[in-house]
>>> print(open('start_33.pdb').read())   # PDB, C-alpha atoms and all ligand atoms
ATOM      1  CA  MET A   1      24.173-102.737 155.999
ATOM      2  CA  ASP A   2      26.147-105.810 154.995
ATOM      3  CA  PHE A   3      28.468-105.063 152.104
ATOM      4  CA  THR A   4      30.378-108.302 152.387
ATOM      5  CA  LYS A   5      27.964-110.427 150.354
ATOM      6  CA  PRO A   6      28.194-109.474 146.712
ATOM      7  CA  ARG A   7      24.858-109.332 144.928
ATOM      8  CA  TYR A   8      25.645-108.695 141.320
ATOM      9  CA  THR A   9      23.134-107.481 138.805
ATOM     10  CA  PRO A  10      24.062-108.166 135.192
ATOM     11  CA  MET A  11      25.482-105.037 133.555
ATOM     12  CA  SER A  12      22.594-104.787 131.083
ATOM     13  CA  ARG A  13      19.938-104.649 133.827
ATOM     14  CA  ARG A  14      21.657-102.033 135.935
ATOM     15  CA  ARG A  15      20.266 -98.529 135.929
ATOM     16  CA  ARG A  16      22.759 -95.993 134.659
ATOM     17  CA  ILE A  17      22.713 -92.949 136.930
ATOM     18  CA  TYR A  18      25.343 -90.795 135.238
ATOM     19  CA  GLU A  19      27.927 -91.033 132.475
ATOM     20  CA  GLY A  20      30.969 -88.774 132.569
ATOM     21  CA  LYS A  21      34.078 -88.504 130.412
ATOM     22  CA  ALA A  22      36.035 -91.339 132.032
ATOM     23  CA  LYS A  23      33.490 -93.062 134.291
ATOM     24  CA  ILE A  24      29.936 -94.364 134.491
ATOM     25  CA  LEU A  25      27.875 -94.544 137.680
ATOM     26  CA  TYR A  26      25.302 -97.323 138.026
ATOM     27  CA  GLU A  27      22.740 -97.988 140.698
ATOM     28  CA  GLY A  28      24.308-100.091 143.465
ATOM     29  CA  PRO A  29      23.105-103.357 145.054
ATOM     30  CA  GLU A  30      21.932-101.652 148.284
ATOM     31  CA  PRO A  31      20.208 -98.315 148.846
ATOM     32  CA  GLY A  32      22.786 -95.576 149.275
ATOM     33  CA  THR A  33      25.380 -97.359 147.141
ATOM     34  CA  LEU A  34      26.528 -96.900 143.551
ATOM     35  CA  ILE A  35      28.841 -98.779 141.222
ATOM     36  CA  GLN A  36      31.634 -96.680 139.718
ATOM     37  CA  HIS A  37      32.805 -98.047 136.345
ATOM     38  CA  PHE A  38      36.145 -96.894 134.890
ATOM     39  CA  LYS A  39      36.182 -96.462 131.094
ATOM     40  CA  ASP A  40      39.225 -96.395 128.821
ATOM     41  CA  ASP A  41      38.432 -92.919 127.479
ATOM     42  CA  ALA A  42      41.068 -90.229 127.873
ATOM     43  CA  THR A  43      39.964 -86.620 127.453
ATOM     44  CA  ALA A  44      41.688 -83.283 127.881
ATOM     45  CA  PHE A  45      41.001 -79.607 127.260
ATOM     46  CA  ASN A  46      37.362 -80.049 128.246
ATOM     47  CA  ALA A  47      36.963 -83.135 125.998
ATOM     48  CA  LYS A  48      38.176 -81.322 122.861
ATOM     49  CA  LYS A  49      40.908 -83.971 122.751
ATOM     50  CA  HIS A  50      39.650 -87.550 123.072
ATOM     51  CA  GLU A  51      41.147 -91.009 122.676
ATOM     52  CA  VAL A  52      40.429 -94.529 123.876
ATOM     53  CA  ILE A  53      43.454 -96.073 125.580
ATOM     54  CA  GLU A  54      42.776 -99.759 126.138
ATOM     55  CA  GLY A  55      43.528-100.757 129.718
ATOM     56  CA  LYS A  56      43.558 -97.257 131.266
ATOM     57  CA  GLY A  57      40.291 -97.861 133.115
ATOM     58  CA  VAL A  58      41.603-101.074 134.670
ATOM     59  CA  LEU A  59      44.730 -99.306 135.930
ATOM     60  CA  ASN A  60      42.850 -96.304 137.307
ATOM     61  CA  ASN A  61      40.366 -98.598 139.068
ATOM     62  CA  ARG A  62      43.246-100.405 140.807
ATOM     63  CA  ILE A  63      45.311 -97.308 141.623
ATOM     64  CA  SER A  64      42.285 -95.384 142.916
ATOM     65  CA  GLU A  65      41.210 -98.406 144.988
ATOM     66  CA  TYR A  66      44.687 -98.526 146.530
ATOM     67  CA  VAL A  67      44.648 -94.824 147.424
ATOM     68  CA  PHE A  68      41.067 -94.730 148.740
ATOM     69  CA  GLN A  69      41.450 -97.945 150.780
ATOM     70  CA  HIS A  70      44.543 -96.508 152.460
ATOM     71  CA  LEU A  71      42.776 -93.192 153.091
ATOM     72  CA  ASN A  72      39.902 -95.100 154.743
ATOM     73  CA  ASP A  73      42.454 -97.042 156.803
ATOM     74  CA  ILE A  74      44.098 -93.871 158.169
ATOM     75  CA  GLY A  75      40.737 -92.303 159.009
ATOM     76  CA  VAL A  76      40.318 -89.968 156.045
ATOM     77  CA  PRO A  77      36.670 -90.599 155.115
ATOM     78  CA  THR A  78      35.965 -91.494 151.469
ATOM     79  CA  HIS A  79      33.065 -92.805 149.412
ATOM     80  CA  PHE A  80      34.953 -96.049 148.659
ATOM     81  CA  ILE A  81      33.598 -99.389 149.938
ATOM     82  CA  ARG A  82      35.407-102.046 147.891
ATOM     83  CA  ARG A  83      36.524-103.001 144.401
ATOM     84  CA  LEU A  84      34.130-105.367 142.633
ATOM     85  CA  ASN A  85      36.060-106.377 139.518
ATOM     86  CA  MET A  86      38.625-105.168 136.967
ATOM     87  CA  ARG A  87      36.715-102.007 136.109
ATOM     88  CA  GLU A  88      34.249-101.410 138.907
ATOM     89  CA  GLN A  89      34.085-100.421 142.548
ATOM     90  CA  LEU A  90      31.260-100.198 145.043
ATOM     91  CA  ILE A  91      30.930 -96.713 146.501
ATOM     92  CA  ARG A  92      28.604 -94.827 148.824
ATOM     93  CA  GLU A  93      26.217 -92.446 147.155
ATOM     94  CA  VAL A  94      27.115 -88.876 148.077
ATOM     95  CA  GLU A  95      25.960 -85.438 147.010
ATOM     96  CA  ILE A  96      28.914 -84.185 145.010
ATOM     97  CA  ILE A  97      30.019 -80.677 145.946
ATOM     98  CA  PRO A  98      30.482 -78.901 142.587
ATOM     99  CA  LEU A  99      34.135 -78.024 143.196
ATOM    100  CA  GLU A 100      37.417 -79.424 141.934
ATOM    101  CA  ILE A 101      39.954 -79.040 144.715
ATOM    102  CA  VAL A 102      43.525 -78.766 143.402
ATOM    103  CA  VAL A 103      46.475 -79.068 145.772
ATOM    104  CA  ARG A 104      49.874 -78.022 144.450
ATOM    105  CA  ASN A 105      53.347 -78.688 145.817
ATOM    106  CA  ILE A 106      55.410 -77.814 142.731
ATOM    107  CA  ALA A 107      54.519 -75.324 139.992
ATOM    108  CA  ALA A 108      53.127 -76.881 136.799
ATOM    109  CA  GLY A 109      50.274 -76.634 134.296
ATOM    110  CA  SER A 110      47.801 -73.797 134.664
ATOM    111  CA  LEU A 111      49.567 -72.284 137.705
ATOM    112  CA  SER A 112      52.806 -71.939 135.746
ATOM    113  CA  GLN A 113      50.960 -70.411 132.821
ATOM    114  CA  ARG A 114      48.835 -68.042 134.884
ATOM    115  CA  LEU A 115      51.571 -66.744 137.158
ATOM    116  CA  GLY A 116      54.632 -67.185 134.952
ATOM    117  CA  ILE A 117      56.384 -69.557 137.347
ATOM    118  CA  GLU A 118      58.637 -72.077 135.690
ATOM    119  CA  GLU A 119      57.376 -75.666 135.782
ATOM    120  CA  GLY A 120      59.188 -77.657 138.439
ATOM    121  CA  THR A 121      59.661 -74.752 140.857
ATOM    122  CA  GLN A 122      59.083 -75.860 144.440
ATOM    123  CA  LEU A 123      56.256 -73.766 145.919
ATOM    124  CA  PRO A 124      56.881 -71.954 149.232
ATOM    125  CA  ARG A 125      54.091 -74.069 150.719
ATOM    126  CA  SER A 126      51.301 -76.324 149.479
ATOM    127  CA  ILE A 127      48.605 -74.269 147.789
ATOM    128  CA  ILE A 128      44.913 -75.209 147.648
ATOM    129  CA  GLU A 129      42.777 -73.905 144.782
ATOM    130  CA  PHE A 130      39.071 -74.306 143.996
ATOM    131  CA  TYR A 131      37.518 -74.653 140.548
ATOM    132  CA  TYR A 132      33.766 -74.604 139.885
ATOM    133  CA  LYS A 133      32.781 -77.885 138.207
ATOM    134  CA  ASN A 134      31.054 -76.710 135.066
ATOM    135  CA  ASP A 135      32.109 -77.966 131.628
ATOM    136  CA  GLN A 136      30.220 -75.222 129.784
ATOM    137  CA  LEU A 137      32.299 -72.628 131.640
ATOM    138  CA  ASN A 138      35.553 -74.635 131.385
ATOM    139  CA  ASP A 139      35.755 -75.189 135.174
ATOM    140  CA  PRO A 140      36.682 -71.607 136.174
ATOM    141  CA  MET A 141      38.826 -70.968 139.241
ATOM    142  CA  VAL A 142      36.762 -69.538 142.121
ATOM    143  CA  SER A 143      37.478 -68.149 145.582
ATOM    144  CA  GLU A 144      35.888 -68.962 148.934
ATOM    145  CA  GLU A 145      33.815 -65.806 148.470
ATOM    146  CA  HIS A 146      32.202 -67.221 145.313
ATOM    147  CA  ILE A 147      31.700 -70.614 146.947
ATOM    148  CA  THR A 148      29.838 -69.234 149.955
ATOM    149  CA  ALA A 149      27.992 -66.454 148.100
ATOM    150  CA  PHE A 150      26.586 -68.891 145.551
ATOM    151  CA  GLY A 151      25.898 -71.557 148.179
ATOM    152  CA  TRP A 152      28.073 -74.318 146.714
ATOM    153  CA  ALA A 153      29.478 -75.000 150.200
ATOM    154  CA  THR A 154      29.234 -73.358 153.627
ATOM    155  CA  PRO A 155      32.258 -71.813 155.406
ATOM    156  CA  GLN A 156      32.319 -74.838 157.761
ATOM    157  CA  GLU A 157      32.266 -77.197 154.767
ATOM    158  CA  ILE A 158      35.133 -75.278 153.133
ATOM    159  CA  ASP A 159      37.139 -75.735 156.367
ATOM    160  CA  ASP A 160      36.383 -79.481 156.315
ATOM    161  CA  ILE A 161      37.316 -79.730 152.618
ATOM    162  CA  MET A 162      40.637 -77.941 153.219
ATOM    163  CA  SER A 163      41.489 -80.220 156.160
ATOM    164  CA  LEU A 164      40.736 -83.258 153.989
ATOM    165  CA  ALA A 165      42.805 -81.831 151.125
ATOM    166  CA  ILE A 166      45.826 -81.316 153.407
ATOM    167  CA  ARG A 167      45.559 -84.831 154.835
ATOM    168  CA  VAL A 168      45.209 -86.362 151.368
ATOM    169  CA  ASN A 169      48.181 -84.322 150.123
ATOM    170  CA  ASP A 170      50.374 -85.416 153.047
ATOM    171  CA  PHE A 171      49.389 -89.050 152.601
ATOM    172  CA  LEU A 172      49.866 -89.057 148.823
ATOM    173  CA  SER A 173      53.163 -87.140 148.960
ATOM    174  CA  GLY A 174      54.609 -89.729 151.358
ATOM    175  CA  LEU A 175      53.142 -92.670 149.495
ATOM    176  CA  PHE A 176      54.646 -91.594 146.185
ATOM    177  CA  LEU A 177      57.943 -90.372 147.661
ATOM    178  CA  GLY A 178      58.414 -93.884 149.016
ATOM    179  CA  VAL A 179      58.337 -95.292 145.486
ATOM    180  CA  GLY A 180      60.522 -92.623 143.878
ATOM    181  CA  ILE A 181      57.750 -90.362 142.597
ATOM    182  CA  ARG A 182      57.216 -86.649 143.263
ATOM    183  CA  LEU A 183      53.591 -85.558 143.774
ATOM    184  CA  VAL A 184      53.555 -82.267 141.862
ATOM    185  CA  ASP A 185      49.824 -81.596 142.211
ATOM    186  CA  PHE A 186      46.490 -83.389 142.208
ATOM    187  CA  LYS A 187      42.776 -82.797 141.938
ATOM    188  CA  MET A 188      40.202 -84.232 144.294
ATOM    189  CA  GLU A 189      36.461 -84.033 144.704
ATOM    190  CA  THR A 190      34.306 -84.219 147.796
ATOM    191  CA  GLY A 191      30.718 -85.104 148.584
ATOM    192  CA  ARG A 192      28.184 -84.943 151.397
ATOM    193  CA  LEU A 193      27.499 -88.312 152.984
ATOM    194  CA  TRP A 194      24.434 -88.655 155.195
ATOM    195  CA  GLU A 195      24.368 -91.233 157.952
ATOM    196  CA  ASN A 196      20.957 -90.977 159.654
ATOM    197  CA  ASP A 197      20.712 -87.266 160.476
ATOM    198  CA  LEU A 198      24.446 -86.650 160.493
ATOM    199  CA  MET A 199      26.221 -85.295 157.440
ATOM    200  CA  ARG A 200      29.948 -85.372 156.814
ATOM    201  CA  ILE A 201      32.188 -84.438 153.926
ATOM    202  CA  VAL A 202      34.085 -87.327 152.336
ATOM    203  CA  VAL A 203      36.606 -87.665 149.514
ATOM    204  CA  ALA A 204      34.829 -88.861 146.351
ATOM    205  CA  ASP A 205      35.386 -89.531 142.629
ATOM    206  CA  GLU A 206      38.856 -90.998 141.907
ATOM    207  CA  ILE A 207      42.528 -90.315 142.614
ATOM    208  CA  SER A 208      44.693 -91.738 139.846
ATOM    209  CA  PRO A 209      47.368 -90.651 137.350
ATOM    210  CA  ASP A 210      44.463 -89.059 135.438
ATOM    211  CA  SER A 211      44.055 -86.525 138.237
ATOM    212  CA  CYS A 212      47.604 -86.194 139.630
ATOM    213  CA  ARG A 213      50.907 -84.921 138.283
ATOM    214  CA  LEU A 214      53.517 -87.547 139.112
ATOM    215  CA  TRP A 215      57.167 -87.101 138.179
ATOM    216  CA  ASP A 216      59.904 -89.677 138.586
ATOM    217  CA  ILE A 217      62.259 -88.320 141.256
ATOM    218  CA  LYS A 218      65.470 -89.087 139.390
ATOM    219  CA  SER A 219      64.599 -88.533 135.722
ATOM    220  CA  ASN A 220      61.632 -86.109 136.119
ATOM    221  CA  GLU A 221      59.813 -88.311 133.612
ATOM    222  CA  LYS A 222      56.069 -87.674 133.633
ATOM    223  CA  LEU A 223      54.026 -90.657 134.838
ATOM    224  CA  ASP A 224      50.575 -89.073 134.485
ATOM    225  CA  LYS A 225      47.947 -87.711 132.121
ATOM    226  CA  ASP A 226      50.286 -84.992 130.832
ATOM    227  CA  ARG A 227      51.630 -87.795 128.581
ATOM    228  CA  PHE A 228      48.265 -87.601 126.815
ATOM    229  CA  ARG A 229      47.691 -83.828 127.110
ATOM    230  CA  ARG A 230      51.155 -83.098 125.681
ATOM    231  CA  ASP A 231      51.243 -85.934 123.116
ATOM    232  CA  LEU A 232      54.220 -87.621 124.757
ATOM    233  CA  GLY A 233      52.904 -91.165 124.172
ATOM    234  CA  GLY A 234      53.419 -94.111 126.517
ATOM    235  CA  LEU A 235      50.497 -93.326 128.818
ATOM    236  CA  LEU A 236      49.607 -96.941 129.540
ATOM    237  CA  GLU A 237      53.247 -97.791 130.257
ATOM    238  CA  ALA A 238      53.507 -94.827 132.647
ATOM    239  CA  TYR A 239      50.322 -95.779 134.562
ATOM    240  CA  THR A 240      51.501 -99.402 134.686
ATOM    241  CA  GLU A 241      54.808 -98.190 136.137
ATOM    242  CA  VAL A 242      52.955 -96.276 138.881
ATOM    243  CA  ALA A 243      50.859 -99.369 139.684
ATOM    244  CA  LYS A 244      53.941-101.609 139.733
ATOM    245  CA  ARG A 245      55.894 -99.281 142.017
ATOM    246  CA  LEU A 246      52.948 -99.214 144.423
ATOM    247  CA  GLY A 247      53.014-103.015 144.345
ATOM    248  CA  ILE A 248      49.528-103.228 142.886
ATOM    249  CA  MET A 249      50.145-105.045 139.616
ATOM    250  CA  SER A 250      52.038-108.280 139.961
ATOM    251  CA  GLU A 251      54.814-108.824 137.441
ATOM    252  CA  GLY A 252      53.372-110.018 134.159
ATOM    253  CA  GLU A 253      49.802-108.900 134.866
ATOM    254  CA  ARG A 254      48.313-107.210 131.852
ATOM    255  CA  PRO A 255      46.173-104.111 132.339
ATOM    256  CA  GLN A 256      43.903-105.111 129.465
ATOM    257  CA  GLY A 257      42.785-108.111 131.448
ATOM    258  CA  THR A 258      42.015-110.063 128.320
ATOM    259  CA  GLY A 259      45.053-112.131 127.513
ATOM    260  CA  PRO A 260      46.674-114.872 129.568
ATOM    261  CA  ILE A 261      48.390-113.882 132.810
ATOM    262  CA  LEU A 262      51.956-115.037 133.245
ATOM    263  CA  VAL A 263      52.222-116.925 136.513
ATOM    264  CA  LYS A 264      55.749-117.082 137.822
ATOM    265  CA  GLY A 265      56.603-120.365 139.518
TER     266      GLY A 265
HETATM  267  N1  LIG A 301      43.060 -81.768 136.994
HETATM  268  C1  LIG A 301      42.089 -82.736 136.846
HETATM  269  N2  LIG A 301      40.938 -82.415 136.179
HETATM  270  C2  LIG A 301      40.704 -81.180 135.676
HETATM  271  C3  LIG A 301      41.701 -80.193 135.819
HETATM  272  C4  LIG A 301      42.871 -80.524 136.489
HETATM  273  O1  LIG A 301      42.249 -83.860 137.301
HETATM  274  O2  LIG A 301      39.623 -80.949 135.098
HETATM  275  C5  LIG A 301      44.305 -82.089 137.716
HETATM  276  C6  LIG A 301      45.500 -82.171 136.788
HETATM  277  O3  LIG A 301      45.718 -83.502 136.368
HETATM  278  C7  LIG A 301      46.635 -81.702 137.665
HETATM  279  C8  LIG A 301      45.961 -80.735 138.644
HETATM  280  O4  LIG A 301      44.579 -81.035 138.614
HETATM  281  O5  LIG A 301      47.168 -82.796 138.401
HETATM  282  C9  LIG A 301      46.196 -79.274 138.317
HETATM  283  O6  LIG A 301      45.809 -79.048 136.990
HETATM  284  P1  LIG A 301      46.013 -77.609 136.310
HETATM  285  O7  LIG A 301      45.172 -76.602 137.011
HETATM  286  O8  LIG A 301      47.464 -77.318 136.214
HETATM  287  O9  LIG A 301      45.328 -77.721 134.912
HETATM  288  P2  LIG A 301      45.827 -78.333 133.522
HETATM  289  O10 LIG A 301      47.235 -77.897 133.308
HETATM  290  O11 LIG A 301      45.649 -79.794 133.705
HETATM  291  O12 LIG A 301      44.841 -77.729 132.561
END
>>> encode(input="start_33.pdb", output="structure tokens")
Amino acid sequence: MDFTKPRYTPMSRRRRIYEGKAKILYEGPEPGTLIQHFKDDATAFNAKKHEVIEGKGVLNNRISEYVFQHLNDIGVPTHFIRRLNMREQLIREVEIIPLEIVVRNIAAGSLSQRLGIEEGTQLPRSIIEFYYKNDQLNDPMVSEEHITAFGWATPQEIDDIMSLAIRVNDFLSGLFLGVGIRLVDFKMETGRLWENDLMRIVVADEISPDSCRLWDIKSNEKLDKDRFRRDLGGLLEAYTEVAKRLGIMSEGERPQGTGPILVKG
């Protein structure tokens, strides 16, 4: 399939496949492709808290593109094909495995609460957790026993998912360390991608400050969605800072993408 020639369909004529809290999936230009659209909506606590933060979708689209493109480049398979515009990317259609995979390097959030470990404590090793993707049940934590017994993934698929999770964690930890940011934890999703009769597990959804905990190495300042969850304010500034440190946003570029862009001579 040739993905190099863009064939755009006007937004209004595209078939909407799925709408989630922060993203919309549309039918793609070729069979087996979808368009992933990043909205500005921020939600937390299973959407009980909701706000629109203008420009968040643009930043997450760019940051997730950066991460997924690099993962593709180092041979970690993902659903990502290419970014189309400020808010959209072309992706391969996959069958999403109904698990949220959380990898933790430092104690924070629900792990700290559940086990009484102070936030910021370095964990003895990286820990992988699985949560069943189900909003009605509040995404409960599950074990490999539940996953195989209920048929959400096979033992071989769990092995593949864990290998992917470790590779993504190593890549992200190094990437962020290089720009003065500690990767505390992150969430990723995976899907089954069929190529002819062969199936493989790939990284799907998004990886952005919405789904990672990112702390500045020196100040411990939070540069992630905890700014929204904990009413700290400055979410857009924090995401912009992450994008700038990664070298994604050029100086003066505005995440809103509406106003004039300052071009430095
Ligand atoms: N996370 C996510 N989506 C979820 C739940 C968690 O992206 O539905 C991310 C979250 O941003 C953090 C990591 O997964 O980086 C671990 O989250 P935790 O279990 O501590 O839950 P929380 O404290 O966010 O409720």
>>> axis_aligned_box(input="start_33.pdb", around="ligand LIG 301 (chain A)", padding_each_side="8 Å", output="lines of an AutoDock Vina configuration file")
center_x = 43.5
center_y = -80.2
center_z = 135.6
size_x = 23.8
size_y = 23.3
size_z = 22.1
>>> atom_distance(input="start_33.pdb", atom1="CA of Met162 (chain A)", atom2="CA of Glu119 (chain A)")
24.3 Å
>>> residues_near_ligand(input="start_33.pdb", ligand="ligand LIG 301 (chain A)", cutoff="10 Å", atoms="all atoms listed in the file", output="PyMOL selection string")
chain A and resi 43-47+100-104+107-114+129-135+138-141+183-189+206-214+224-226+229
>>> closest_residue(input="start_33.pdb", among="A:Pro77, A:Glu88, A:Ala153, A:Leu123", to="Phe38 (chain A)", atoms="all atoms listed in the file")
A:Glu88
>>> atom_distance(input="start_33.pdb", atom1="CA of Val142 (chain A)", atom2="CA of Val168 (chain A)")
21.0 Å
>>> resolve_selection(input="start_33.pdb", expression="the PyMOL selection byres (((chain A and resi 247) around 12) and not hetatm)", output="count of residues only")
19
>>> residues_around(input="start_33.pdb", residues="region 16-26 of chain A", least_positions_apart="6", cutoff="7 Å", atoms="all atoms listed in the file", output="number ranges by chain")
A: 34-43
>>> atom_distance(input="start_33.pdb", atom1="CA of Arg13 (chain A)", atom2="CA of Glu30 (chain A)")
14.9 Å
>>> resolve_selection(input="start_33.pdb", expression="the PyMOL selection byres (((chain A and resi 71) around 12) and not hetatm)", output="JSON, numbers by chain")
{"A": [64, 65, 66, 67, 68, 69, 70, 72, 73, 74, 75, 76, 77, 78, 79, 80, 81, 164, 165, 167, 168, 169, 170, 171, 172, 175, 202, 203, 204, 207]}
>>> write_last_selection(input="start_33.pdb", atoms="C-alpha atoms", output="short mmCIF file (atom, residue, chain, number, x, y, z; two decimals), in the coordinates of the input")
data_model
loop_
_atom_site.label_atom_id
_atom_site.label_comp_id
_atom_site.auth_asym_id
_atom_site.auth_seq_id
_atom_site.Cartn_x
_atom_site.Cartn_y
_atom_site.Cartn_z
CA SER A 64 42.28 -95.38 142.92
CA GLU A 65 41.21 -98.41 144.99
CA TYR A 66 44.69 -98.53 146.53
CA VAL A 67 44.65 -94.82 147.42
CA PHE A 68 41.07 -94.73 148.74
CA GLN A 69 41.45 -97.94 150.78
CA HIS A 70 44.54 -96.51 152.46
CA ASN A 72 39.90 -95.10 154.74
CA ASP A 73 42.45 -97.04 156.80
CA ILE A 74 44.10 -93.87 158.17
CA GLY A 75 40.74 -92.30 159.01
CA VAL A 76 40.32 -89.97 156.04
CA PRO A 77 36.67 -90.60 155.12
CA THR A 78 35.97 -91.49 151.47
CA HIS A 79 33.06 -92.80 149.41
CA PHE A 80 34.95 -96.05 148.66
CA ILE A 81 33.60 -99.39 149.94
CA LEU A 164 40.74 -83.26 153.99
CA ALA A 165 42.80 -81.83 151.12
CA ARG A 167 45.56 -84.83 154.84
CA VAL A 168 45.21 -86.36 151.37
CA ASN A 169 48.18 -84.32 150.12
CA ASP A 170 50.37 -85.42 153.05
CA PHE A 171 49.39 -89.05 152.60
CA LEU A 172 49.87 -89.06 148.82
CA LEU A 175 53.14 -92.67 149.50
CA VAL A 202 34.08 -87.33 152.34
CA VAL A 203 36.61 -87.66 149.51
CA ALA A 204 34.83 -88.86 146.35
CA ILE A 207 42.53 -90.32 142.61
#
>>> resolve_selection(input="start_33.pdb", expression="the PyMOL selection byres (((chain A and resi 158) around 12) and not hetatm)", output="PyMOL selection string")
chain A and resi 97+99+101+128-130+143-148+151-157+159-165+190-191+200-201
>>> closest_residue(input="start_33.pdb", among="A:Leu84, A:Ile96, A:Leu90, A:Ile117", to="Arg192 (chain A)", atoms="all atoms listed in the file")
A:Ile96
